[in-house]
$ cat run-v1.pdb   # PDB, C-alpha atoms, pLDDT in the B column
ATOM      1  CA  GLY A   1      -0.232 -26.677 -43.575  1.00 58.00           C
ATOM      2  CA  ALA A   2      -1.004 -24.218 -40.802  1.00 57.00           C
ATOM      3  CA  ALA A   3      -0.555 -26.855 -38.091  1.00 55.00           C
ATOM      4  CA  GLN A   4       2.938 -27.763 -39.341  1.00 58.00           C
ATOM      5  CA  GLN A   5       3.931 -24.088 -39.569  1.00 59.00           C
ATOM      6  CA  ALA A   6       2.796 -23.569 -35.975  1.00 52.00           C
ATOM      7  CA  ARG A   7       4.900 -26.502 -34.801  1.00 53.00           C
ATOM      8  CA  GLU A   8       7.972 -25.271 -36.652  1.00 54.00           C
ATOM      9  CA  SER A   9       7.501 -21.707 -35.368  1.00 56.00           C
ATOM     10  CA  GLU A  10       9.219 -20.687 -32.133  1.00 54.00           C
ATOM     11  CA  GLN A  11       6.115 -18.699 -31.090  1.00 55.00           C
ATOM     12  CA  ILE A  12       3.783 -20.155 -28.482  1.00 53.00           C
ATOM     13  CA  GLY A  13       0.139 -20.087 -29.425  1.00 53.00           C
ATOM     14  CA  LEU A  14      -2.516 -19.023 -26.944  1.00 52.00           C
ATOM     15  CA  PHE A  15      -4.399 -22.285 -27.322  1.00 52.00           C
ATOM     16  CA  SER A  16      -1.428 -24.573 -27.998  1.00 54.00           C
ATOM     17  CA  GLY A  17      -1.355 -27.926 -26.280  1.00 54.00           C
ATOM     18  CA  GLU A  18       2.006 -27.312 -24.708  1.00 56.00           C
ATOM     19  CA  GLU A  19       1.892 -26.323 -21.044  1.00 59.00           C
ATOM     20  CA  ASN A  20       3.555 -23.065 -20.115  1.00 62.00           C
ATOM     21  CA  ILE A  21       5.630 -23.426 -16.976  1.00 67.00           C
ATOM     22  CA  THR A  22       5.945 -20.257 -14.951  1.00 70.00           C
ATOM     23  CA  PRO A  23       8.184 -19.916 -11.927  1.00 74.00           C
ATOM     24  CA  ASP A  24       6.567 -19.636  -8.510  1.00 79.00           C
ATOM     25  CA  ILE A  25       6.153 -16.073  -7.342  1.00 80.00           C
ATOM     26  CA  ILE A  26       7.457 -15.668  -3.821  1.00 80.00           C
ATOM     27  CA  LEU A  27       5.991 -12.668  -2.031  1.00 72.00           C
ATOM     28  CA  PRO A  28       7.920 -11.125   0.832  1.00 75.00           C
ATOM     29  CA  GLU A  29       6.465 -11.447   4.310  1.00 68.00           C
ATOM     30  CA  ILE A  30       5.145  -8.058   5.364  1.00 63.00           C
ATOM     31  CA  ILE A  31       3.972  -7.222   8.871  1.00 61.00           C
ATOM     32  CA  ASP A  32       0.431  -5.867   8.809  1.00 62.00           C
ATOM     33  CA  TRP A  33       0.015  -2.240   9.808  1.00 64.00           C
ATOM     34  CA  PRO A  34      -1.484  -1.479  13.209  1.00 66.00           C
ATOM     35  CA  GLU A  35      -5.192  -0.739  12.961  1.00 69.00           C
ATOM     36  CA  ASP A  36      -5.083   3.043  13.509  1.00 72.00           C
ATOM     37  CA  PRO A  37      -2.548   3.881  10.754  1.00 71.00           C
ATOM     38  CA  ARG A  38      -4.206   1.427   8.356  1.00 72.00           C
ATOM     39  CA  LEU A  39      -7.661   2.947   8.812  1.00 73.00           C
ATOM     40  CA  LYS A  40      -6.233   6.465   8.579  1.00 73.00           C
ATOM     41  CA  GLU A  41      -4.611   5.658   5.232  1.00 75.00           C
ATOM     42  CA  GLU A  42      -7.828   4.024   3.977  1.00 68.00           C
ATOM     43  CA  PHE A  43      -9.879   7.105   4.824  1.00 75.00           C
ATOM     44  CA  GLU A  44      -7.375   9.492   3.236  1.00 74.00           C
ATOM     45  CA  ALA A  45      -7.164   7.364   0.083  1.00 77.00           C
ATOM     46  CA  ILE A  46     -10.843   6.607  -0.606  1.00 75.00           C
ATOM     47  CA  GLY A  47     -12.814   8.870   1.729  1.00 73.00           C
ATOM     48  CA  PHE A  48     -14.240   6.148   3.983  1.00 72.00           C
ATOM     49  CA  TYR A  49     -13.136   3.302   6.233  1.00 75.00           C
ATOM     50  CA  LEU A  50     -12.904   0.028   4.309  1.00 73.00           C
ATOM     51  CA  SER A  51     -11.661  -2.837   6.492  1.00 74.00           C
ATOM     52  CA  ALA A  52     -13.154  -1.664   9.800  1.00 82.00           C
ATOM     53  CA  HIS A  53     -14.206   1.448  11.708  1.00 88.00           C
ATOM     54  CA  PRO A  54     -11.959   3.077  14.350  1.00 88.00           C
ATOM     55  CA  LEU A  55     -14.700   2.608  16.957  1.00 92.00           C
ATOM     56  CA  ASP A  56     -15.166  -1.124  16.309  1.00 90.00           C
ATOM     57  CA  SER A  57     -12.459  -1.970  18.845  1.00 87.00           C
ATOM     58  CA  TYR A  58     -14.317   0.157  21.434  1.00 91.00           C
ATOM     59  CA  LYS A  59     -17.431  -2.024  21.345  1.00 90.00           C
ATOM     60  CA  ASN A  60     -16.988  -3.366  24.890  1.00 88.00           C
ATOM     61  CA  VAL A  61     -16.149   0.093  26.232  1.00 90.00           C
ATOM     62  CA  LEU A  62     -19.239   1.664  24.642  1.00 94.00           C
ATOM     63  CA  GLU A  63     -21.462  -1.117  25.976  1.00 93.00           C
ATOM     64  CA  ARG A  64     -20.137  -0.558  29.492  1.00 90.00           C
ATOM     65  CA  LEU A  65     -20.781   3.167  29.152  1.00 93.00           C
ATOM     66  CA  GLY A  66     -24.286   2.560  27.787  1.00 94.00           C
ATOM     67  CA  ILE A  67     -23.572   4.468  24.564  1.00 96.00           C
ATOM     68  CA  GLN A  68     -25.637   3.472  21.531  1.00 94.00           C
ATOM     69  CA  SER A  69     -24.877   4.211  17.885  1.00 95.00           C
ATOM     70  CA  TYR A  70     -26.064   7.341  16.132  1.00 94.00           C
ATOM     71  CA  ALA A  71     -28.271   5.279  13.807  1.00 93.00           C
ATOM     72  CA  MET A  72     -30.084   3.755  16.775  1.00 92.00           C
ATOM     73  CA  HIS A  73     -30.880   7.179  18.262  1.00 90.00           C
ATOM     74  CA  ALA A  74     -31.894   8.627  14.889  1.00 88.00           C
ATOM     75  CA  LYS A  75     -34.170   5.679  14.156  1.00 86.00           C
ATOM     76  CA  GLU A  76     -36.013   6.166  17.427  1.00 82.00           C
ATOM     77  CA  GLN A  77     -36.133   9.955  16.854  1.00 78.00           C
ATOM     78  CA  GLU A  78     -35.244  10.589  20.468  1.00 76.00           C
ATOM     79  CA  THR A  79     -35.469  14.082  21.924  1.00 82.00           C
ATOM     80  CA  GLY A  80     -33.816  15.581  24.983  1.00 89.00           C
ATOM     81  CA  ALA A  81     -30.501  14.366  26.425  1.00 93.00           C
ATOM     82  CA  ILE A  82     -28.332  12.131  24.248  1.00 94.00           C
ATOM     83  CA  LYS A  83     -24.886  10.540  24.575  1.00 96.00           C
ATOM     84  CA  LEU A  84     -22.855   9.550  21.514  1.00 97.00           C
ATOM     85  CA  ALA A  85     -19.339   8.519  20.587  1.00 97.00           C
ATOM     86  CA  GLY A  86     -17.585   9.320  17.349  1.00 96.00           C
ATOM     87  CA  MET A  87     -14.396   9.895  15.405  1.00 95.00           C
ATOM     88  CA  VAL A  88     -13.901  13.541  14.402  1.00 95.00           C
ATOM     89  CA  VAL A  89     -13.980  13.728  10.583  1.00 93.00           C
ATOM     90  CA  SER A  90     -14.123  17.487   9.987  1.00 94.00           C
ATOM     91  CA  LYS A  91     -14.818  20.824  11.679  1.00 96.00           C
ATOM     92  CA  LYS A  92     -16.214  23.994  10.090  1.00 96.00           C
ATOM     93  CA  GLU A  93     -16.100  27.108  12.219  1.00 96.00           C
ATOM     94  CA  ARG A  94     -18.472  30.021  11.730  1.00 95.00           C
ATOM     95  CA  VAL A  95     -19.084  33.434  13.341  1.00 95.00           C
ATOM     96  CA  SER A  96     -22.587  34.467  14.402  1.00 93.00           C
ATOM     97  CA  ALA A  97     -24.126  37.896  13.820  1.00 93.00           C
ATOM     98  CA  LYS A  98     -23.165  38.769  17.403  1.00 92.00           C
ATOM     99  CA  GLY A  99     -19.536  37.877  16.724  1.00 93.00           C
ATOM    100  CA  ASN A 100     -19.526  34.573  18.629  1.00 94.00           C
ATOM    101  CA  LYS A 101     -17.740  31.576  17.160  1.00 96.00           C
ATOM    102  CA  TYR A 102     -19.484  28.231  16.714  1.00 96.00           C
ATOM    103  CA  ALA A 103     -18.736  25.086  14.721  1.00 97.00           C
ATOM    104  CA  PHE A 104     -20.356  22.274  12.792  1.00 97.00           C
ATOM    105  CA  VAL A 105     -18.407  19.124  13.590  1.00 97.00           C
ATOM    106  CA  GLN A 106     -18.839  15.989  11.520  1.00 96.00           C
ATOM    107  CA  LEU A 107     -18.398  12.739  13.412  1.00 96.00           C
ATOM    108  CA  SER A 108     -18.466   9.110  12.371  1.00 94.00           C
ATOM    109  CA  ASP A 109     -19.302   5.924  14.238  1.00 95.00           C
ATOM    110  CA  SER A 110     -19.752   2.351  13.007  1.00 92.00           C
ATOM    111  CA  SER A 111     -23.326   3.125  11.913  1.00 93.00           C
ATOM    112  CA  GLY A 112     -22.536   6.185   9.777  1.00 91.00           C
ATOM    113  CA  ALA A 113     -21.697   9.897   9.786  1.00 91.00           C
ATOM    114  CA  TYR A 114     -23.505  12.635  11.682  1.00 94.00           C
ATOM    115  CA  GLU A 115     -23.084  16.279  12.655  1.00 96.00           C
ATOM    116  CA  ILE A 116     -23.110  18.154  15.944  1.00 96.00           C
ATOM    117  CA  THR A 117     -23.249  21.882  16.626  1.00 96.00           C
ATOM    118  CA  VAL A 118     -20.762  23.294  19.144  1.00 97.00           C
ATOM    119  CA  PHE A 119     -21.224  26.825  20.464  1.00 96.00           C
ATOM    120  CA  SER A 120     -18.560  29.300  21.541  1.00 95.00           C
ATOM    121  CA  GLU A 121     -17.750  28.402  25.173  1.00 96.00           C
ATOM    122  CA  LEU A 122     -17.613  24.663  24.567  1.00 97.00           C
ATOM    123  CA  LEU A 123     -15.752  25.209  21.300  1.00 96.00           C
ATOM    124  CA  LEU A 124     -13.077  27.159  23.148  1.00 96.00           C
ATOM    125  CA  SER A 125     -12.698  24.626  25.985  1.00 96.00           C
ATOM    126  CA  SER A 126     -12.807  21.556  23.701  1.00 97.00           C
ATOM    127  CA  ARG A 127     -10.775  22.785  20.747  1.00 95.00           C
ATOM    128  CA  ASP A 128      -7.987  20.213  21.261  1.00 96.00           C
ATOM    129  CA  LEU A 129     -10.494  17.347  21.446  1.00 97.00           C
ATOM    130  CA  LEU A 130     -12.125  18.432  18.181  1.00 97.00           C
ATOM    131  CA  GLU A 131      -9.029  17.818  16.078  1.00 96.00           C
ATOM    132  CA  VAL A 132      -9.622  15.496  13.112  1.00 92.00           C
ATOM    133  CA  GLY A 133      -8.922  11.872  14.027  1.00 91.00           C
ATOM    134  CA  ASN A 134      -9.764  12.173  17.737  1.00 94.00           C
ATOM    135  CA  ARG A 135     -12.258   9.819  19.367  1.00 96.00           C
ATOM    136  CA  ILE A 136     -14.720  11.666  21.568  1.00 98.00           C
ATOM    137  CA  ILE A 137     -17.856  11.258  23.665  1.00 98.00           C
ATOM    138  CA  VAL A 138     -20.570  13.867  23.183  1.00 98.00           C
ATOM    139  CA  ASP A 139     -23.173  14.660  25.815  1.00 97.00           C
ATOM    140  CA  GLY A 140     -25.756  16.654  23.937  1.00 96.00           C
ATOM    141  CA  SER A 141     -29.406  17.378  23.363  1.00 94.00           C
ATOM    142  CA  VAL A 142     -31.850  17.011  20.475  1.00 92.00           C
ATOM    143  CA  ASP A 143     -34.767  19.366  19.945  1.00 77.00           C
ATOM    144  CA  GLY A 144     -36.484  17.159  17.353  1.00 67.00           C
ATOM    145  CA  LYS A 145     -38.683  19.955  16.013  1.00 65.00           C
ATOM    146  CA  ASP A 146     -37.820  19.439  12.365  1.00 63.00           C
ATOM    147  CA  GLN A 147     -34.642  17.415  11.891  1.00 75.00           C
ATOM    148  CA  PHE A 148     -32.495  15.283  14.178  1.00 83.00           C
ATOM    149  CA  LYS A 149     -30.116  18.111  15.144  1.00 90.00           C
ATOM    150  CA  ILE A 150     -27.641  17.536  17.949  1.00 95.00           C
ATOM    151  CA  LEU A 151     -26.387  20.368  20.150  1.00 95.00           C
ATOM    152  CA  ALA A 152     -23.249  19.470  22.121  1.00 97.00           C
ATOM    153  CA  ASN A 153     -23.261  20.313  25.830  1.00 97.00           C
ATOM    154  CA  ARG A 154     -20.080  18.509  26.893  1.00 98.00           C
ATOM    155  CA  ILE A 155     -17.234  16.799  25.025  1.00 98.00           C
ATOM    156  CA  SER A 156     -14.855  14.225  26.512  1.00 97.00           C
ATOM    157  CA  SER A 157     -11.991  12.088  25.274  1.00 96.00           C
ATOM    158  CA  LEU A 158     -13.183   8.532  24.642  1.00 95.00           C
ATOM    159  CA  ASP A 159      -9.744   7.138  25.497  1.00 90.00           C
ATOM    160  CA  GLY A 160      -9.655   9.230  28.667  1.00 89.00           C
ATOM    161  CA  VAL A 161     -12.999   7.841  29.831  1.00 91.00           C
ATOM    162  CA  ALA A 162     -12.079   4.293  28.783  1.00 88.00           C
ATOM    163  CA  SER A 163      -8.867   4.407  30.813  1.00 83.00           C
ATOM    164  CA  LYS A 164     -10.895   4.824  34.025  1.00 84.00           C
ATOM    165  CA  ILE A 165     -12.978   1.677  33.486  1.00 85.00           C
ATOM    166  CA  ASN A 166     -11.959  -1.257  35.666  1.00 83.00           C
ATOM    167  CA  THR A 167     -10.852  -4.149  33.481  1.00 85.00           C
ATOM    168  CA  SER A 168      -8.334  -6.986  33.336  1.00 89.00           C
ATOM    169  CA  LEU A 169      -5.881  -7.360  30.504  1.00 90.00           C
ATOM    170  CA  LYS A 170      -3.960 -10.481  29.517  1.00 94.00           C
ATOM    171  CA  ILE A 171      -0.930 -10.199  27.246  1.00 95.00           C
ATOM    172  CA  TYR A 172       0.092 -13.475  25.605  1.00 94.00           C
ATOM    173  CA  SER A 173       3.765 -13.942  24.779  1.00 93.00           C
ATOM    174  CA  SER A 174       6.459 -16.587  25.192  1.00 88.00           C
ATOM    175  CA  ASP A 175       9.233 -14.055  24.633  1.00 89.00           C
ATOM    176  CA  ALA A 176      10.602 -12.575  27.869  1.00 84.00           C
ATOM    177  CA  SER A 177      12.216  -9.690  25.996  1.00 89.00           C
ATOM    178  CA  VAL A 178       8.803  -8.064  25.372  1.00 92.00           C
ATOM    179  CA  ILE A 179       8.473  -7.008  29.027  1.00 90.00           C
ATOM    180  CA  LYS A 180      10.528  -3.845  28.501  1.00 91.00           C
ATOM    181  CA  ASP A 181       8.337  -2.639  25.605  1.00 93.00           C
ATOM    182  CA  ILE A 182       5.142  -3.597  27.458  1.00 92.00           C
ATOM    183  CA  LYS A 183       6.223  -1.600  30.515  1.00 90.00           C
ATOM    184  CA  GLU A 184       7.072   1.421  28.379  1.00 92.00           C
ATOM    185  CA  ILE A 185       3.601   1.495  26.792  1.00 91.00           C
ATOM    186  CA  LEU A 186       1.685   0.817  30.027  1.00 90.00           C
ATOM    187  CA  THR A 187       3.528   3.448  32.095  1.00 89.00           C
ATOM    188  CA  LYS A 188       3.470   6.133  29.401  1.00 87.00           C
ATOM    189  CA  GLU A 189      -0.038   7.309  30.386  1.00 76.00           C
ATOM    190  CA  GLY A 190       0.533   7.113  34.145  1.00 80.00           C
ATOM    191  CA  SER A 191      -1.456   5.048  36.628  1.00 82.00           C
ATOM    192  CA  GLY A 192      -4.891   3.601  35.931  1.00 85.00           C
ATOM    193  CA  SER A 193      -7.417   1.099  37.209  1.00 87.00           C
ATOM    194  CA  SER A 194      -6.726  -1.999  35.100  1.00 90.00           C
ATOM    195  CA  GLU A 195      -4.918  -5.146  36.183  1.00 91.00           C
ATOM    196  CA  VAL A 196      -2.460  -6.584  33.667  1.00 92.00           C
ATOM    197  CA  SER A 197      -0.943 -10.047  33.488  1.00 93.00           C
ATOM    198  CA  LEU A 198       1.576 -11.669  31.162  1.00 93.00           C
ATOM    199  CA  VAL A 199       0.668 -15.173  29.977  1.00 93.00           C
ATOM    200  CA  SER A 200       3.220 -17.620  28.538  1.00 91.00           C
ATOM    201  CA  VAL A 201       2.686 -21.158  27.323  1.00 83.00           C
ATOM    202  CA  CYS A 202       5.221 -23.796  28.413  1.00 80.00           C
ATOM    203  CA  ASP A 203       4.718 -27.523  27.734  1.00 80.00           C
ATOM    204  CA  SER A 204       1.058 -26.855  26.850  1.00 81.00           C
ATOM    205  CA  LYS A 205       0.526 -25.140  30.221  1.00 86.00           C
ATOM    206  CA  GLU A 206      -0.266 -21.483  30.743  1.00 87.00           C
ATOM    207  CA  ILE A 207       1.962 -19.600  33.159  1.00 90.00           C
ATOM    208  CA  THR A 208       0.473 -16.307  34.340  1.00 92.00           C
ATOM    209  CA  ILE A 209       2.520 -13.495  35.871  1.00 90.00           C
ATOM    210  CA  ASN A 210       0.539 -10.620  37.379  1.00 92.00           C
ATOM    211  CA  LEU A 211       2.261  -7.287  36.835  1.00 90.00           C
ATOM    212  CA  PRO A 212       2.434  -5.143  40.004  1.00 91.00           C
ATOM    213  CA  GLY A 213       0.276  -2.020  40.106  1.00 90.00           C
ATOM    214  CA  LYS A 214      -2.637  -0.886  37.984  1.00 90.00           C
ATOM    215  CA  PHE A 215      -2.486   0.675  34.558  1.00 90.00           C
ATOM    216  CA  PRO A 216      -4.630   2.757  32.212  1.00 87.00           C
ATOM    217  CA  PHE A 217      -6.353   0.840  29.445  1.00 86.00           C
ATOM    218  CA  SER A 218      -7.986   1.721  26.151  1.00 86.00           C
ATOM    219  CA  PRO A 219      -8.347  -0.100  22.814  1.00 87.00           C
ATOM    220  CA  ALA A 220      -5.621   2.210  21.486  1.00 84.00           C
ATOM    221  CA  ILE A 221      -3.235   0.927  24.174  1.00 88.00           C
ATOM    222  CA  ALA A 222      -4.251  -2.659  23.333  1.00 88.00           C
ATOM    223  CA  GLN A 223      -3.386  -2.007  19.669  1.00 86.00           C
ATOM    224  CA  ALA A 224       0.023  -0.648  20.649  1.00 88.00           C
ATOM    225  CA  LEU A 225       0.680  -3.747  22.764  1.00 91.00           C
ATOM    226  CA  LYS A 226      -0.357  -6.074  19.929  1.00 89.00           C
ATOM    227  CA  ALA A 227       2.097  -4.308  17.611  1.00 88.00           C
ATOM    228  CA  ILE A 228       5.061  -5.312  19.813  1.00 91.00           C
ATOM    229  CA  SER A 229       7.182  -7.949  18.115  1.00 90.00           C
ATOM    230  CA  GLY A 230       6.826 -11.131  20.172  1.00 92.00           C
ATOM    231  CA  VAL A 231       3.352 -10.371  21.541  1.00 93.00           C
ATOM    232  CA  GLU A 232       0.947 -12.992  20.237  1.00 92.00           C
ATOM    233  CA  ASP A 233      -2.371 -11.644  21.533  1.00 92.00           C
ATOM    234  CA  VAL A 234      -3.957  -9.135  23.925  1.00 92.00           C
ATOM    235  CA  ARG A 235      -7.305  -9.948  25.512  1.00 90.00           C
ATOM    236  CA  GLU A 236      -9.630  -7.941  27.704  1.00 85.00           C
ATOM    237  CA  PHE A 237     -11.555  -9.624  30.511  1.00 81.00           C
TER     238      PHE A 237
END

$ encode --input "run-v1.pdb" --output "structure tokens"
Amino acid sequence: GAAQQARESEQIGLFSGEENITPDIILPEIIDWPEDPRLKEEFEAIGFYLSAHPLDSYKNVLERLGIQSYAMHAKEQETGAIKLAGMVVSKKERVSAKGNKYAFVQLSDSSGAYEITVFSELLLSSRDLLEVGNRIIVDGSVDGKDQFKILANRISSLDGVASKINTSLKIYSSDASVIKDIKEILTKEGSGSSEVSLVSVCDSKEITINLPGKFPFSPAIAQALKAISGVEDVREF
């Protein structure tokens, strides 16, 4: 019958009682990308940030600076002076009837996307800061007459402002060879106001070595330090 034919056949039935043995699939170990390149690739591939937002790692910095999210300001429909932080997503330049240049700049923070208007003088002085992918702080104003429109009055680098905040940084590693790479990253931006120490664990005890001098700090620098082979963690205090 059909059952005997199935047994005699060399074909394996989908619902046969015999167990199919498949070899284990061994995946290669791949080092995760640093946060900035990973988020950049996500945005370019699907048009939005998937795993995190570039400003998420700046949470402590923004709290110290007293900067709230765009959604919080928009919800309260605030008017007058406003301070925001954002990642530059796009910039569209226009020319007024008088021949003056201005731009609509789309920014994004962890709460969503928003737009600011930048007029000629500020556009000229802040052109480098308004490149796509830059993190900036916007001091602006809202008229609130019809829509929540933001006019930029001053634009600053978020990393530049963050580097001037006093903080303490601990780099955890039990590999002495990382010191050279750590020094290269910390001294690349010049002097700063942050104290840095290297922490190693030996026989379940922490040994802390305070690095001489003070260094600039930003979440971007912390990400670069974490990417060093042999660095286990970087913590801000």

$ residues_near_point --input "run-v1.pdb" --point "(-11.6, -0.3, 35.3)" --cutoff "6 Å" --atoms "only C-alpha atoms" --output "ChimeraX atom specification"
/A:164-167,193-194

$ write_last_selection --input "run-v1.pdb" --atoms "C-alpha atoms" --output "PDB file, in the frame of the given file"
ATOM      1  CA  LYS A 164     -10.895   4.824  34.025  1.00 84.00           C
ATOM      2  CA  ILE A 165     -12.978   1.677  33.486  1.00 85.00           C
ATOM      3  CA  ASN A 166     -11.959  -1.257  35.666  1.00 83.00           C
ATOM      4  CA  THR A 167     -10.852  -4.149  33.481  1.00 85.00           C
ATOM      5  CA  SER A 193      -7.417   1.099  37.209  1.00 87.00           C
ATOM      6  CA  SER A 194      -6.726  -1.999  35.100  1.00 90.00           C
TER       7      SER A 194
END

$ atom_distance --input "run-v1.pdb" --atom1 "CA of Leu62 (chain A)" --atom2 "CA of Leu158 (chain A)"
9.2 Å

$ atom_distance --input "run-v1.pdb" --atom1 "CA of Thr79 (chain A)" --atom2 "CA of Gly140 (chain A)"
10.2 Å

$ resolve_selection --input "run-v1.pdb" --expression "the PyMOL selection byres ((chain A and resi 119-123) around 12)" --output "number ranges by chain"
A: 91-96, 98-105, 116-118, 124-131, 138-140, 150-156

$ resolve_selection --input "run-v1.pdb" --expression "the PyMOL selection byres ((chain A and resi 189) around 12)" --output "ChimeraX atom specification"
/A:159-160,163-164,183-188,190-193,214-218,220-221

$ resolve_selection --input "run-v1.pdb" --expression "the PyMOL selection byres ((chain A and resi 82) around 7)" --output "ChimeraX atom specification"
/A:80-81,83-84,139-141

$ atom_distance --input "run-v1.pdb" --atom1 "CA of Glu236 (chain A)" --atom2 "CA of Gly213 (chain A)"
16.9 Å

$ closest_residue --input "run-v1.pdb" --among "A:Phe43, A:Tyr49, A:Tyr58, A:Phe237" --to "Ile136 (chain A)" --atoms "only C-alpha atoms"
A:Tyr58

$ closest_atom_pairs --input "run-v1.pdb" --of "region 105-198 of chain A" --to "region 68-75 of chain A" --cutoff "8 Å" --atoms "all atoms listed in the file" --output "CSV"
residue,atom,partner,partner_atom,distance
A:Asp109,CA,A:Ser69,CA,6.9
A:Ser110,CA,A:Ser69,CA,7.3
A:Ser111,CA,A:Ala71,CA,5.7
A:Gly112,CA,A:Ala71,CA,7.1
A:Tyr114,CA,A:Tyr70,CA,7.4
A:Phe148,CA,A:Ala74,CA,6.7

$ axis_aligned_box --input "run-v1.pdb" --around "region 72-86 of chain A" --padding-each-side "4 Å" --output "JSON"
{"center_x": -26.9, "center_y": 9.7, "center_z": 20.3, "size_x": 26.5, "size_y": 19.8, "size_z": 20.3}

$ residues_around --input "run-v1.pdb" --residues "Arg235 (chain A)" --least-positions-apart "5" --cutoff "12 Å" --atoms "only C-alpha atoms" --output "ChimeraX atom specification"
/A:57,60,167-173,195-199,217-219,221-223,225-226

$ write_last_selection --input "run-v1.pdb" --atoms "C-alpha atoms" --output "PDB file, in the frame of the given file"
ATOM      1  CA  SER A  57     -12.459  -1.970  18.845  1.00 87.00           C
ATOM      2  CA  ASN A  60     -16.988  -3.366  24.890  1.00 88.00           C
ATOM      3  CA  THR A 167     -10.852  -4.149  33.481  1.00 85.00           C
ATOM      4  CA  SER A 168      -8.334  -6.986  33.336  1.00 89.00           C
ATOM      5  CA  LEU A 169      -5.881  -7.360  30.504  1.00 90.00           C
ATOM      6  CA  LYS A 170      -3.960 -10.481  29.517  1.00 94.00           C
ATOM      7  CA  ILE A 171      -0.930 -10.199  27.246  1.00 95.00           C
ATOM      8  CA  TYR A 172       0.092 -13.475  25.605  1.00 94.00           C
ATOM      9  CA  SER A 173       3.765 -13.942  24.779  1.00 93.00           C
ATOM     10  CA  GLU A 195      -4.918  -5.146  36.183  1.00 91.00           C
ATOM     11  CA  VAL A 196      -2.460  -6.584  33.667  1.00 92.00           C
ATOM     12  CA  SER A 197      -0.943 -10.047  33.488  1.00 93.00           C
ATOM     13  CA  LEU A 198       1.576 -11.669  31.162  1.00 93.00           C
ATOM     14  CA  VAL A 199       0.668 -15.173  29.977  1.00 93.00           C
ATOM     15  CA  PHE A 217      -6.353   0.840  29.445  1.00 86.00           C
ATOM     16  CA  SER A 218      -7.986   1.721  26.151  1.00 86.00           C
ATOM     17  CA  PRO A 219      -8.347  -0.100  22.814  1.00 87.00           C
ATOM     18  CA  ILE A 221      -3.235   0.927  24.174  1.00 88.00           C
ATOM     19  CA  ALA A 222      -4.251  -2.659  23.333  1.00 88.00           C
ATOM     20  CA  GLN A 223      -3.386  -2.007  19.669  1.00 86.00           C
ATOM     21  CA  LEU A 225       0.680  -3.747  22.764  1.00 91.00           C
ATOM     22  CA  LYS A 226      -0.357  -6.074  19.929  1.00 89.00           C
TER      23      LYS A 226
END

$ residues_around --input "run-v1.pdb" --residues "Leu50 (chain A)" --least-positions-apart "5" --cutoff "12 Å" --atoms "all atoms listed in the file" --output "list of chain:residue names"
A:Glu35, A:Arg38, A:Leu39, A:Lys40, A:Glu41, A:Glu42, A:Phe43, A:Glu44, A:Ala45, A:Ser110

$ closest_residue --input "run-v1.pdb" --among "A:Leu211, A:Arg64, A:Gly230, A:Gln77" --to "Gln147 (chain A)" --atoms "only C-alpha atoms"
A:Gln77

$ residues_around --input "run-v1.pdb" --residues "Ser108 (chain A)" --least-positions-apart "2" --cutoff "6 Å" --atoms "all atoms listed in the file" --output "NGL selection string"
:A and (86-87 or 112-113)
